[in-house]
file my_file_31.pdb (PDB, C-alpha atoms)
MODEL        1
ATOM      1  CA  TRP A 277      17.768 -74.699   4.931
ATOM      2  CA  VAL A 278      19.092 -74.791   8.517
ATOM      3  CA  ASN A 279      20.270 -72.083  10.902
ATOM      4  CA  GLY A 280      23.827 -72.573   9.706
ATOM      5  CA  GLY A 281      22.741 -70.969   6.451
ATOM      6  CA  CYS A 282      22.878 -67.614   8.240
ATOM      7  CA  PHE A 283      26.664 -67.845   8.133
ATOM      8  CA  GLU A 284      26.811 -68.856   4.474
ATOM      9  CA  GLY A 285      24.278 -66.647   2.706
ATOM     10  CA  THR A 286      21.030 -67.517   0.946
ATOM     11  CA  LEU A 287      20.242 -66.783  -2.703
ATOM     12  CA  ILE A 288      16.624 -66.535  -3.883
ATOM     13  CA  LEU A 289      16.051 -66.329  -7.629
ATOM     14  CA  GLY A 290      12.881 -65.392  -9.490
ATOM     15  CA  GLY A 291      11.344 -62.977 -11.947
ATOM     16  CA  THR A 292       9.648 -59.688 -11.102
ATOM     17  CA  GLY A 293       6.546 -60.285  -8.985
ATOM     18  CA  SER A 294       7.312 -63.972  -8.425
ATOM     19  CA  GLY A 295       7.245 -63.623  -4.628
ATOM     20  CA  LYS A 296      10.924 -63.629  -3.698
ATOM     21  CA  THR A 297      10.326 -61.227  -0.805
ATOM     22  CA  SER A 298       6.778 -62.096   0.212
ATOM     23  CA  GLY A 299       7.205 -65.851  -0.345
ATOM     24  CA  SER A 300      10.593 -67.462   0.214
ATOM     25  CA  GLY A 301      12.101 -64.421   1.936
ATOM     26  CA  SER A 302       9.164 -64.086   4.319
ATOM     27  CA  SER A 303       9.255 -67.793   5.163
ATOM     28  CA  LEU A 304      12.959 -67.683   6.014
ATOM     29  CA  GLY A 305      12.433 -64.496   7.990
ATOM     30  CA  GLN A 306       9.715 -66.076  10.117
ATOM     31  CA  ARG A 307      11.979 -69.048  10.818
ATOM     32  CA  LEU A 308      14.757 -66.763  12.053
ATOM     33  CA  LEU A 309      12.324 -64.748  14.169
ATOM     34  CA  LYS A 310      10.892 -67.869  15.806
ATOM     35  CA  GLU A 311      14.443 -69.000  16.641
ATOM     36  CA  GLY A 312      14.951 -65.726  18.532
ATOM     37  CA  PHE A 313      17.405 -64.114  16.124
ATOM     38  CA  GLY A 314      17.994 -60.367  16.131
ATOM     39  CA  GLY A 315      19.206 -58.561  13.056
ATOM     40  CA  LEU A 316      19.209 -55.697  10.588
ATOM     41  CA  ILE A 317      16.676 -55.404   7.763
ATOM     42  CA  LEU A 318      17.533 -53.134   4.838
ATOM     43  CA  THR A 319      14.724 -52.149   2.499
ATOM     44  CA  VAL A 320      14.332 -51.529  -1.214
ATOM     45  CA  LYS A 321      10.535 -51.584  -1.602
ATOM     46  CA  PRO A 322       8.099 -49.528   0.537
ATOM     47  CA  GLU A 323       5.926 -52.585   1.243
ATOM     48  CA  GLU A 324       8.761 -54.431   3.004
ATOM     49  CA  LYS A 325       7.945 -52.740   6.322
ATOM     50  CA  GLU A 326       4.429 -54.214   6.353
ATOM     51  CA  ILE A 327       5.799 -57.658   5.440
ATOM     52  CA  TRP A 328       8.191 -57.656   8.393
ATOM     53  CA  GLN A 329       5.584 -56.240  10.759
ATOM     54  CA  ARG A 330       3.372 -59.194   9.825
ATOM     55  CA  ASN A 331       6.259 -61.635  10.205
ATOM     56  CA  CYS A 332       6.999 -60.313  13.699
ATOM     57  CA  GLN A 333       3.337 -60.534  14.641
ATOM     58  CA  ILE A 334       3.125 -64.165  13.500
ATOM     59  CA  SER A 335       6.339 -64.986  15.394
ATOM     60  CA  ASN A 336       5.355 -63.103  18.580
ATOM     61  CA  ARG A 337       8.300 -60.734  18.150
ATOM     62  CA  GLU A 338       6.397 -57.456  17.754
ATOM     63  CA  LYS A 339       8.030 -55.944  20.860
ATOM     64  CA  ASP A 340      11.483 -56.639  19.435
ATOM     65  CA  LEU A 341      10.885 -54.785  16.154
ATOM     66  CA  ILE A 342      12.395 -51.287  15.936
ATOM     67  CA  ILE A 343      11.491 -49.272  12.842
ATOM     68  CA  PHE A 344      14.064 -46.614  11.959
ATOM     69  CA  SER A 345      12.262 -44.010   9.854
ATOM     70  CA  GLU A 346      11.803 -40.273   9.454
ATOM     71  CA  ASN A 347       8.805 -40.450  11.814
ATOM     72  CA  SER A 348      10.401 -42.635  14.480
ATOM     73  CA  PRO A 349      11.911 -41.142  17.671
ATOM     74  CA  ASP A 350      15.130 -43.167  17.356
ATOM     75  CA  ASN A 351      18.470 -41.818  16.135
ATOM     76  CA  PHE A 352      21.858 -43.380  15.425
ATOM     77  CA  ASN A 353      25.054 -41.304  15.481
ATOM     78  CA  PHE A 354      27.136 -43.679  13.400
ATOM     79  CA  VAL A 355      30.361 -41.665  13.720
ATOM     80  CA  SER A 356      30.245 -41.691  17.531
ATOM     81  CA  TYR A 357      29.346 -45.386  17.493
ATOM     82  CA  GLU A 358      32.192 -46.375  15.200
ATOM     83  CA  LYS A 359      34.884 -44.412  17.028
ATOM     84  CA  ARG A 360      33.886 -45.453  20.561
ATOM     85  CA  GLY A 361      36.784 -46.985  22.436
ATOM     86  CA  GLU A 362      39.229 -46.167  19.638
ATOM     87  CA  ILE A 363      42.761 -45.154  20.609
ATOM     88  CA  ASN A 364      42.824 -42.768  17.640
ATOM     89  CA  PRO A 365      39.227 -41.518  17.152
ATOM     90  CA  THR A 366      40.309 -38.877  14.615
ATOM     91  CA  GLN A 367      41.755 -41.499  12.273
ATOM     92  CA  LYS A 368      38.703 -43.700  12.778
ATOM     93  CA  CYS A 369      36.375 -40.816  11.900
ATOM     94  CA  PHE A 370      38.421 -40.163   8.754
ATOM     95  CA  GLU A 371      38.135 -43.825   7.736
ATOM     96  CA  ILE A 372      34.350 -43.749   8.268
ATOM     97  CA  ILE A 373      33.924 -40.657   6.095
ATOM     98  CA  GLN A 374      36.263 -42.049   3.435
ATOM     99  CA  SER A 375      34.355 -45.342   3.345
ATOM    100  CA  PHE A 376      31.047 -43.494   2.986
ATOM    101  CA  ILE A 377      32.391 -41.368   0.125
ATOM    102  CA  GLU A 378      33.740 -44.421  -1.706
ATOM    103  CA  ASN A 379      30.616 -46.574  -1.301
ATOM    104  CA  ALA A 380      28.027 -43.836  -1.728
ATOM    105  CA  GLY A 381      29.447 -43.047  -5.143
ATOM    106  CA  THR A 382      29.233 -46.576  -6.512
ATOM    107  CA  GLY A 383      26.493 -47.774  -8.817
ATOM    108  CA  GLU A 384      25.069 -46.307 -12.018
ATOM    109  CA  GLY A 385      28.532 -45.987 -13.520
ATOM    110  CA  ARG A 386      29.975 -43.933 -10.663
ATOM    111  CA  THR A 387      33.226 -44.904  -9.000
ATOM    112  CA  GLY A 388      33.139 -42.876  -5.783
ATOM    113  CA  ARG A 389      36.158 -40.872  -6.907
ATOM    114  CA  LEU A 390      35.820 -37.232  -7.845
ATOM    115  CA  SER A 391      37.894 -37.214 -11.007
ATOM    116  CA  ASN A 392      40.402 -39.161 -13.070
ATOM    117  CA  ASP A 393      43.143 -36.947 -11.649
ATOM    118  CA  SER A 394      44.226 -38.420  -8.309
ATOM    119  CA  TYR A 395      45.613 -35.044  -7.175
ATOM    120  CA  TRP A 396      42.185 -33.649  -6.271
ATOM    121  CA  ASP A 397      41.107 -36.797  -4.467
ATOM    122  CA  ASP A 398      44.393 -36.895  -2.560
ATOM    123  CA  GLN A 399      43.985 -33.232  -1.581
ATOM    124  CA  LYS A 400      40.369 -33.870  -0.540
ATOM    125  CA  ASP A 401      41.462 -36.732   1.715
ATOM    126  CA  LYS A 402      44.308 -34.625   3.106
ATOM    127  CA  PHE A 403      41.954 -31.748   3.945
ATOM    128  CA  ILE A 404      39.475 -34.048   5.683
ATOM    129  CA  ARG A 405      42.186 -35.855   7.666
ATOM    130  CA  ASN A 406      43.985 -32.700   8.812
ATOM    131  CA  GLY A 407      40.751 -30.775   9.261
ATOM    132  CA  LEU A 408      39.606 -33.400  11.764
ATOM    133  CA  LYS A 409      42.941 -33.040  13.529
ATOM    134  CA  VAL A 410      42.427 -29.265  13.786
ATOM    135  CA  ILE A 411      38.987 -29.853  15.302
ATOM    136  CA  GLU A 412      40.492 -32.296  17.796
ATOM    137  CA  ASN A 413      43.169 -29.785  18.811
ATOM    138  CA  LEU A 414      40.532 -27.120  19.278
ATOM    139  CA  GLY A 415      38.894 -29.386  21.836
ATOM    140  CA  LYS A 416      35.718 -29.706  19.777
ATOM    141  CA  GLU A 417      33.700 -32.840  19.047
ATOM    142  CA  ILE A 418      35.117 -34.827  16.146
ATOM    143  CA  SER A 419      32.076 -34.884  13.883
ATOM    144  CA  ILE A 420      30.982 -34.354  10.298
ATOM    145  CA  LYS A 421      28.987 -31.301  11.397
ATOM    146  CA  ASN A 422      32.127 -29.613  12.771
ATOM    147  CA  LEU A 423      34.153 -30.661   9.733
ATOM    148  CA  ASN A 424      31.637 -28.959   7.447
ATOM    149  CA  LYS A 425      31.715 -25.875   9.692
ATOM    150  CA  LEU A 426      35.515 -25.768   9.415
ATOM    151  CA  VAL A 427      35.325 -25.970   5.608
ATOM    152  CA  MET A 428      32.851 -23.107   5.468
ATOM    153  CA  GLU A 429      35.096 -20.972   7.673
ATOM    154  CA  VAL A 430      38.195 -21.665   5.609
ATOM    155  CA  TYR A 431      36.260 -20.495   2.544
ATOM    156  CA  TRP A 432      35.940 -16.940   3.851
ATOM    157  CA  ILE A 433      38.941 -16.836   6.182
ATOM    158  CA  ARG A 434      41.196 -17.769   3.262
ATOM    159  CA  GLY A 435      40.438 -14.475   1.570
ATOM    160  CA  MET A 436      40.500 -12.289   4.685
ATOM    161  CA  TYR A 437      43.614 -13.253   6.615
ATOM    162  CA  GLY A 438      47.166 -13.438   5.392
ATOM    163  CA  ASN A 439      48.952 -15.302   8.140
ATOM    164  CA  VAL A 440      48.454 -18.332  10.354
ATOM    165  CA  LYS A 441      47.908 -16.429  13.609
ATOM    166  CA  ARG A 442      45.110 -14.355  12.111
ATOM    167  CA  LEU A 443      43.642 -17.480  10.519
ATOM    168  CA  LYS A 444      43.383 -19.079  13.948
ATOM    169  CA  GLU A 445      41.870 -15.953  15.473
ATOM    170  CA  GLY A 446      39.305 -15.702  12.707
ATOM    171  CA  MET A 447      37.821 -19.138  13.252
ATOM    172  CA  GLU A 448      34.355 -19.105  14.709
ATOM    173  CA  PHE A 449      35.314 -22.304  16.533
ATOM    174  CA  LEU A 450      37.229 -20.041  18.902
ATOM    175  CA  GLY A 451      35.509 -17.955  21.505
ATOM    176  CA  PRO A 452      37.013 -14.544  22.392
ATOM    177  CA  ASN A 453      39.191 -16.057  25.132
ATOM    178  CA  GLN A 454      40.328 -19.238  23.356
ATOM    179  CA  VAL A 455      43.164 -17.995  21.144
ATOM    180  CA  GLU A 456      45.809 -18.649  23.779
ATOM    181  CA  GLN A 457      44.232 -22.018  24.527
ATOM    182  CA  LEU A 458      44.559 -22.969  20.857
ATOM    183  CA  ASN A 459      48.190 -21.855  20.785
ATOM    184  CA  GLU A 460      48.870 -24.089  23.782
ATOM    185  CA  MET A 461      47.115 -27.029  22.120
ATOM    186  CA  LEU A 462      49.047 -26.506  18.924
ATOM    187  CA  SER A 463      52.321 -26.641  20.817
ATOM    188  CA  ALA A 464      51.652 -30.295  21.659
ATOM    189  CA  LYS A 465      52.710 -33.353  19.627
ATOM    190  CA  ASP A 466      50.491 -32.492  16.643
ATOM    191  CA  PHE A 467      51.837 -28.961  16.238
ATOM    192  CA  ALA A 468      53.912 -29.751  13.145
ATOM    193  CA  VAL A 469      51.045 -31.488  11.349
ATOM    194  CA  VAL A 470      48.311 -28.984  12.179
ATOM    195  CA  ASN A 471      50.356 -25.808  11.949
ATOM    196  CA  GLY A 472      52.095 -26.943   8.771
ATOM    197  CA  TRP A 473      48.777 -27.780   7.138
ATOM    198  CA  ILE A 474      47.244 -24.404   8.042
ATOM    199  CA  ASN A 475      50.322 -22.703   6.562
ATOM    200  CA  GLU A 476      49.936 -24.782   3.417
ATOM    201  CA  ILE A 477      46.275 -24.009   2.792
ATOM    202  CA  THR A 478      46.802 -20.274   3.308
ATOM    203  CA  GLU A 479      49.538 -20.275   0.631
ATOM    204  CA  LEU A 480      47.624 -22.160  -2.071
ATOM    205  CA  ALA A 481      46.486 -20.301  -5.168
ATOM    206  CA  PRO A 482      42.857 -19.124  -4.806
ATOM    207  CA  ASN A 483      41.557 -21.304  -7.657
ATOM    208  CA  THR A 484      43.354 -24.384  -6.304
ATOM    209  CA  MET A 485      42.034 -23.824  -2.793
ATOM    210  CA  THR A 486      38.504 -23.250  -4.064
ATOM    211  CA  THR A 487      38.617 -26.491  -6.071
ATOM    212  CA  ILE A 488      39.859 -28.501  -3.077
ATOM    213  CA  LEU A 489      37.171 -27.043  -0.814
ATOM    214  CA  SER A 490      34.559 -27.817  -3.467
ATOM    215  CA  CYS A 491      35.774 -31.424  -3.587
ATOM    216  CA  VAL A 492      35.454 -31.709   0.197
ATOM    217  CA  THR A 493      32.013 -30.110   0.413
ATOM    218  CA  GLY A 494      30.776 -32.212  -2.501
ATOM    219  CA  ALA A 495      31.945 -35.376  -0.758
ATOM    220  CA  ILE A 496      30.441 -34.718   2.690
ATOM    221  CA  ASP A 497      27.427 -32.644   1.606
ATOM    222  CA  PRO A 498      24.918 -35.553   1.757
ATOM    223  CA  LEU A 499      25.741 -35.982   5.453
ATOM    224  CA  CYS A 500      25.167 -32.291   6.240
ATOM    225  CA  HIS A 501      21.451 -32.163   5.433
ATOM    226  CA  GLU A 502      18.272 -33.799   6.639
ATOM    227  CA  PRO A 503      17.517 -36.548   7.359
ATOM    228  CA  PHE A 504      21.201 -37.294   8.049
ATOM    229  CA  LEU A 505      21.725 -34.464  10.542
ATOM    230  CA  SER A 506      18.868 -35.395  12.868
ATOM    231  CA  LYS A 507      18.702 -39.153  12.338
ATOM    232  CA  LEU A 508      22.406 -39.979  12.003
ATOM    233  CA  GLY A 509      24.242 -37.032  13.542
ATOM    234  CA  THR A 510      22.774 -36.388  16.972
ATOM    235  CA  LEU A 511      22.338 -38.610  20.028
ATOM    236  CA  THR A 512      22.237 -42.383  19.704
ATOM    237  CA  THR A 513      19.134 -44.178  20.969
ATOM    238  CA  ILE A 514      19.565 -47.407  18.979
ATOM    239  CA  SER A 515      22.609 -49.115  17.507
ATOM    240  CA  PRO A 516      23.790 -52.520  16.222
ATOM    241  CA  ASP A 517      24.354 -53.437  19.882
ATOM    242  CA  ASP A 518      20.572 -53.726  20.287
ATOM    243  CA  CYS A 519      20.559 -56.502  17.688
ATOM    244  CA  LEU A 520      23.749 -58.190  18.877
ATOM    245  CA  PHE A 521      23.056 -58.215  22.613
ATOM    246  CA  LYS A 522      19.296 -57.717  22.980
ATOM    247  CA  ASN A 523      18.054 -59.696  19.950
ATOM    248  CA  LYS A 524      16.210 -56.677  18.561
ATOM    249  CA  ILE A 525      15.213 -56.426  14.896
ATOM    250  CA  ILE A 526      16.028 -53.028  13.387
ATOM    251  CA  LEU A 527      14.234 -52.284  10.119
ATOM    252  CA  ILE A 528      15.561 -49.364   8.084
ATOM    253  CA  ASP A 529      12.392 -47.843   6.670
ATOM    254  CA  TYR A 530      14.096 -45.729   4.027
ATOM    255  CA  PRO A 531      13.310 -47.924   0.998
ATOM    256  CA  ILE A 532      15.531 -47.104  -1.961
ATOM    257  CA  LYS A 533      12.637 -47.100  -4.426
ATOM    258  CA  LYS A 534      10.992 -44.318  -2.418
ATOM    259  CA  TYR A 535      13.940 -42.308  -1.088
ATOM    260  CA  GLY A 536      16.426 -42.848  -3.928
ATOM    261  CA  THR A 537      20.042 -41.919  -3.170
ATOM    262  CA  THR A 538      19.141 -40.794   0.353
ATOM    263  CA  GLY A 539      17.626 -44.191   1.080
ATOM    264  CA  LYS A 540      20.627 -45.979  -0.398
ATOM    265  CA  ASN A 541      23.064 -43.982   1.712
ATOM    266  CA  ILE A 542      21.134 -44.513   4.962
ATOM    267  CA  ASN A 543      20.888 -48.251   4.299
ATOM    268  CA  LEU A 544      24.603 -48.242   3.453
ATOM    269  CA  ILE A 545      25.565 -46.508   6.717
ATOM    270  CA  TRP A 546      23.674 -49.077   8.785
ATOM    271  CA  LYS A 547      25.156 -51.951   6.775
ATOM    272  CA  GLU A 548      28.680 -50.592   7.299
ATOM    273  CA  ALA A 549      28.033 -50.229  11.038
ATOM    274  CA  PHE A 550      27.358 -53.965  11.302
ATOM    275  CA  GLN A 551      30.612 -54.946   9.560
TER     276      GLN A 551
ENDMDL
END

call {"tool": "encode", "arguments": {"input": "my_file_31.pdb", "output": "structure tokens"}}
result
Amino acid sequence: WVNGGCFEGTLILGGTGSGKTSGSGSSLGQRLLKEGFGGLILTVKPEEKEIWQRNCQISNREKDLIIFSENSPDNFNFVSYEKRGEINPTQKCFEIIQSFIENAGTGEGRTGRLSNDSYWDDQKDKFIRNGLKVIENLGKEISIKNLNKLVMEVYWIRGMYGNVKRLKEGMEFLGPNQVEQLNEMLSAKDFAVVNGWINEITELAPNTMTTILSCVTGAIDPLCHEPFLSKLGTLTTISPDDCLFKNKIILIDYPIKKYGTTGKNINLIWKEAFQ
């Protein structure tokens, strides 16, 4: 094995308890650390953190190891990171959420889609895409937190207001003096898309609207609770840039065997951020 193997992939085979991680994997890891490599370490077993701490100690790389865990001070706002520098951050945010929904649903016989009827998935995607556009036009931060807030407001506004103007006025996103500001924003280039969509959702049958909203909340719900809100939805203190430009080693200490689906999703988000 030579350093070029990093660009080709390495396969280690062996039965349970044969030492794939602690033996061959640890040996390769120490070689990479001694060569000065930075990188991302995803975890399945709880003991993997101790293995990599020992590897870094042996390789004199302890200061370069960053452990991302529920007890660590570091956070990573993956949405802000992914959409930085984008010409169309709203579309980029939509693609990030869509990718998470698709990949988080895979495994154990799940496909990432909500049903065999494409209508509901199409409507879910449409709501998320246009909902993000509404948030953008309101001058708010394009984030999963604000998207979830918009969904919750549409739930109760849908039954209280009968026209578009009142729908806009009823949104908590708007302060008492922001109605005119919103009207001005909606008269810009996105007026037709945003205004047309708001008209559409206010005219849907109650059961149809409720089902669509349920599809949206079900899809983004994992990202609206801890540890996602605090660890992956606030300020960014570490990111893939630390590995790429500072040769840091970021270990995601949310092992799947301990944290289950939550651990899988957090590992997935970091993996996606590096691609």

call {"tool": "closest_residue", "arguments": {"input": "my_file_31.pdb", "among": "A:Ser375, A:Gln329, A:Ser302, A:Asn279", "to": "Lys547 in chain A", "atoms": "all atoms listed in the file"}}
result
A:Ser375

call {"tool": "atom_distance", "arguments": {"input": "my_file_31.pdb", "atom1": "CA of Lys540 in chain A", "atom2": "CA of Cys369 in chain A"}}
result
20.6 Å

call {"tool": "atom_distance", "arguments": {"input": "my_file_31.pdb", "atom1": "CA of Lys416 in chain A", "atom2": "CA of Thr366 in chain A"}}
result
11.5 Å

call {"tool": "resolve_selection", "arguments": {"input": "my_file_31.pdb", "expression": "the PyMOL selection byres ((chain A and resi 417) around 12)", "output": "PyMOL selection string"}}
result
chain A and resi 355-356+359+365-366+369+408-416+418-423+425+449+509-510

call {"tool": "resolve_selection", "arguments": {"input": "my_file_31.pdb", "expression": "the PyMOL selection byres ((chain A and resi 333-347) around 6)", "output": "VMD selection string"}}
result
chain A and resid 310 330 to 332 348 524 to 529

call {"tool": "closest_residue", "arguments": {"input": "my_file_31.pdb", "among": "A:Ala481, A:Ile542, A:Ile372, A:Ile363", "to": "Glu502 in chain A", "atoms": "all atoms listed in the file"}}
result
A:Ile542

call {"tool": "atom_distance", "arguments": {"input": "my_file_31.pdb", "atom1": "CA of Lys325 in chain A", "atom2": "CA of Ser298 in chain A"}}
result
11.2 Å

call {"tool": "closest_residue", "arguments": {"input": "my_file_31.pdb", "among": "A:Asp497, A:Glu284, A:Asp350, A:Glu311", "to": "Val427 in chain A", "atoms": "all atoms listed in the file"}}
result
A:Asp497

call {"tool": "residues_around", "arguments": {"input": "my_file_31.pdb", "residues": "Ile373 in chain A", "least_positions_apart": "3", "cutoff": "9 Å", "atoms": "all atoms listed in the file", "output": "CSV table (one decimal) with C-alpha atoms, keeping the file's coordinate frame"}}
result
chain,number,residue,atom,x,y,z
A,355,VAL,CA,30.4,-41.7,13.7
A,368,LYS,CA,38.7,-43.7,12.8
A,369,CYS,CA,36.4,-40.8,11.9
A,370,PHE,CA,38.4,-40.2,8.8
A,376,PHE,CA,31.0,-43.5,3.0
A,377,ILE,CA,32.4,-41.4,0.1
A,378,GLU,CA,33.7,-44.4,-1.7
A,404,ILE,CA,39.5,-34.0,5.7
A,420,ILE,CA,31.0,-34.4,10.3
A,495,ALA,CA,31.9,-35.4,-0.8
A,496,ILE,CA,30.4,-34.7,2.7

call {"tool": "residues_around", "arguments": {"input": "my_file_31.pdb", "residues": "range 512-516 of chain A", "least_positions_apart": "3", "cutoff": "7 Å", "atoms": "all atoms listed in the file", "output": "short mmCIF file (atom, residue, chain, number, x, y, z; two decimals) with C-alpha atoms, keeping the file's coordinate frame"}}
result
data_model
loop_
_atom_site.label_atom_id
_atom_site.label_comp_id
_atom_site.auth_asym_id
_atom_site.auth_seq_id
_atom_site.Cartn_x
_atom_site.Cartn_y
_atom_site.Cartn_z
CA ASP A 350 15.13 -43.17 17.36
CA ASN A 351 18.47 -41.82 16.14
CA PHE A 352 21.86 -43.38 15.42
CA ASN A 353 25.05 -41.30 15.48
CA CYS A 519 20.56 -56.50 17.69
CA LEU A 520 23.75 -58.19 18.88
CA PHE A 550 27.36 -53.96 11.30
#

call {"tool": "closest_residue", "arguments": {"input": "my_file_31.pdb", "among": "A:Glu479, A:Asp517, A:Glu362, A:Asp397", "to": "Gly315 in chain A", "atoms": "all atoms listed in the file"}}
result
A:Asp517
